[in-house]
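J.: There's a structure below that I have some questions on.
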Amino acid sequence: MSLQSDAIFEMIAQKIKESPEKAKSVNGIFLYNITKDGKIVKTWTMDLKSCKIHEGTPKSGKPNTTLTISDDDFVGLATGKLNPQTAFMKGKLKLTGNVMLAQKLGPLLKAAEAKL
């Protein structure tokens, strides 16, 4: 299944290759559960310790933070149309694990936003 968020993860992966120091400064492993109609349809791992992004669960270790969000809402976050704090407060974005670490993702999403 192809989702809109797939292209955003690809763009983020490209930005990480271009400037791995930004990714390493976050120093965390994030698991994204992307949903459609309330069901998880795809998972992505953003391993910012080793500067790798791939579809699926972490290949080593466990995620520091797990984010669950719909495909449409993730696109909204990445394009700047949806504020992360608003999404969290309205239940559109669910976080488990190290919530403070997730706040460090802002600059990476902003870099992807510039390319969209």
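How things are named: the first chain in the structure tokens is A, the next is B, and so on; residues count from 1 in each chain; ligands count from 1 in the order shown.
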Go through chain A and collect every residue that DSSP, computed from the backbone, puts in strand (DSSP E or B); the answer should be as a ChimeraX atom specification.
T.: /A:29-36,39-47,52-55,65-70,93-97
J.: For Met100 of chain A, list every protein, DNA or RNA residue within 12 Å, evaluated using only C-alpha atoms, and leave out those in the same chain fewer than 5 positions away; present the list as a VMD selection string.
T.: chain A and resid 26 28 64 to 66 85 95 105 to 106
J.: Those same residues - N, CA and C atoms - I'd like them written as a short mmCIF file (atom, residue, chain, number, x, y, z; two decimals), in the first residue's frame.
T.:
```cif
data_model
loop_
_atom_site.label_atom_id
_atom_site.label_comp_id
_atom_site.auth_asym_id
_atom_site.auth_seq_id
_atom_site.Cartn_x
_atom_site.Cartn_y
_atom_site.Cartn_z
N VAL A 26 19.89 14.55 17.48
CA VAL A 26 18.65 14.09 18.12
C VAL A 26 18.92 12.83 18.92
N GLY A 28 18.12 9.47 18.79
CA GLY A 28 17.03 8.64 19.27
C GLY A 28 16.50 7.74 18.17
N ASN A 64 12.91 4.71 21.26
CA ASN A 64 12.82 5.60 22.42
C ASN A 64 11.42 6.20 22.50
N THR A 65 10.85 6.46 21.31
CA THR A 65 9.54 7.09 21.23
C THR A 65 8.73 6.43 20.12
N THR A 66 7.47 6.14 20.39
CA THR A 66 6.56 5.62 19.37
C THR A 66 5.49 6.66 19.12
N GLN A 85 1.69 20.19 18.74
CA GLN A 85 1.06 20.26 20.06
C GLN A 85 -0.46 20.18 19.95
N LEU A 95 1.65 9.60 21.50
CA LEU A 95 3.07 9.38 21.78
C LEU A 95 3.23 8.46 22.98
N LEU A 105 12.40 16.50 16.96
CA LEU A 105 12.16 16.15 15.55
C LEU A 105 11.75 17.35 14.71
N GLY A 106 11.32 18.43 15.34
CA GLY A 106 10.85 19.61 14.63
C GLY A 106 11.75 20.07 13.49
#
```
J.: As an NGL selection string, please: every residue in chain A that DSSP puts in alpha helix (DSSP H).
T.: :A and (4-18 or 20-26 or 71-79 or 84-89 or 99-102 or 106-115)
J.: List as a compact mmCIF listing (two decimals) with C-alpha atoms, in the first residue's frame the protein and nucleic acid residues near segment 70-84 of chain A, meaning an atom at most 12 Å away when only C-alpha atoms are counted, but skip any in the same chain fewer than 2 places from it.
T.:
```
# COMPACT_ATOMS: atom_id res chain seq x y z
CA MET A 1 0.00 0.00 0.00
CA SER A 2 1.38 3.38 -0.98
CA LEU A 3 0.67 6.27 1.36
CA GLN A 4 1.25 10.02 1.12
CA SER A 5 3.57 9.81 4.13
CA ASP A 6 5.93 7.47 2.24
CA ALA A 7 7.19 10.40 0.13
CA ILE A 8 7.80 12.46 3.27
CA PHE A 9 9.84 9.71 4.90
CA MET A 11 12.52 13.24 1.78
CA ILE A 12 13.54 13.08 5.43
CA TYR A 32 5.99 5.71 13.48
CA ASN A 33 2.69 3.84 13.28
CA ILE A 34 0.84 5.30 10.30
CA THR A 35 -2.90 4.71 10.37
CA LYS A 36 -5.71 4.79 7.85
CA ASP A 37 -9.33 4.54 9.03
CA GLY A 38 -8.13 3.95 12.60
CA LYS A 39 -5.98 0.90 11.75
CA ILE A 40 -2.18 0.77 11.59
CA VAL A 41 -1.35 0.20 7.92
CA LYS A 42 2.38 0.89 7.91
CA THR A 43 5.28 1.35 10.31
CA TRP A 44 8.45 3.34 9.75
CA LEU A 67 4.32 7.98 17.43
CA THR A 68 0.92 6.93 16.11
CA THR A 86 -2.46 20.79 18.72
CA ALA A 87 -2.42 17.33 17.12
CA PHE A 88 -1.33 15.79 20.44
CA MET A 89 -3.96 17.67 22.47
CA LYS A 90 -6.74 16.69 20.05
CA GLY A 91 -5.67 13.02 20.11
CA LYS A 92 -4.57 13.03 16.46
CA LEU A 93 -0.99 12.28 17.52
CA LYS A 94 -0.36 9.64 20.16
CA LEU A 95 3.07 9.38 21.78
CA VAL A 99 7.93 12.46 24.67
CA ALA A 102 10.04 13.77 20.05
CA GLN A 103 10.22 17.56 20.35
CA LYS A 104 13.69 17.43 18.80
CA LEU A 105 12.16 16.15 15.55
CA GLY A 106 10.85 19.61 14.63
CA PRO A 107 13.91 20.75 12.65
CA LEU A 108 13.98 17.53 10.61
CA LEU A 109 10.31 17.87 9.68
CA LYS A 110 10.85 21.55 8.86
CA ALA A 111 13.63 20.54 6.46
CA ALA A 112 11.23 18.14 4.73
CA GLU A 113 8.54 20.84 4.74
CA ALA A 114 10.83 23.14 2.75
CA LYS A 115 11.08 20.50 0.01
CA LEU A 116 7.32 19.81 -0.25
```
J.: Quick one: pull the distance between atom CA of Ile16 of chain A and atom CA of Lys62 of chain A, Å, one decimal.
T.: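 Interatomic distance here is 20.3 Å.
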J.: One decimal, in Å: what's the spacing between atom CA of Lys15 of chain A and atom CA of Thr96 of chain A?
T.: 25.3 Å
J.: Could you check how far atom CA of Pro20 of chain A sits from atom CA of Leu48 of chain A, in Å to one decimal?
T.: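 Distance reported for this atom pair: 8.5 Å.
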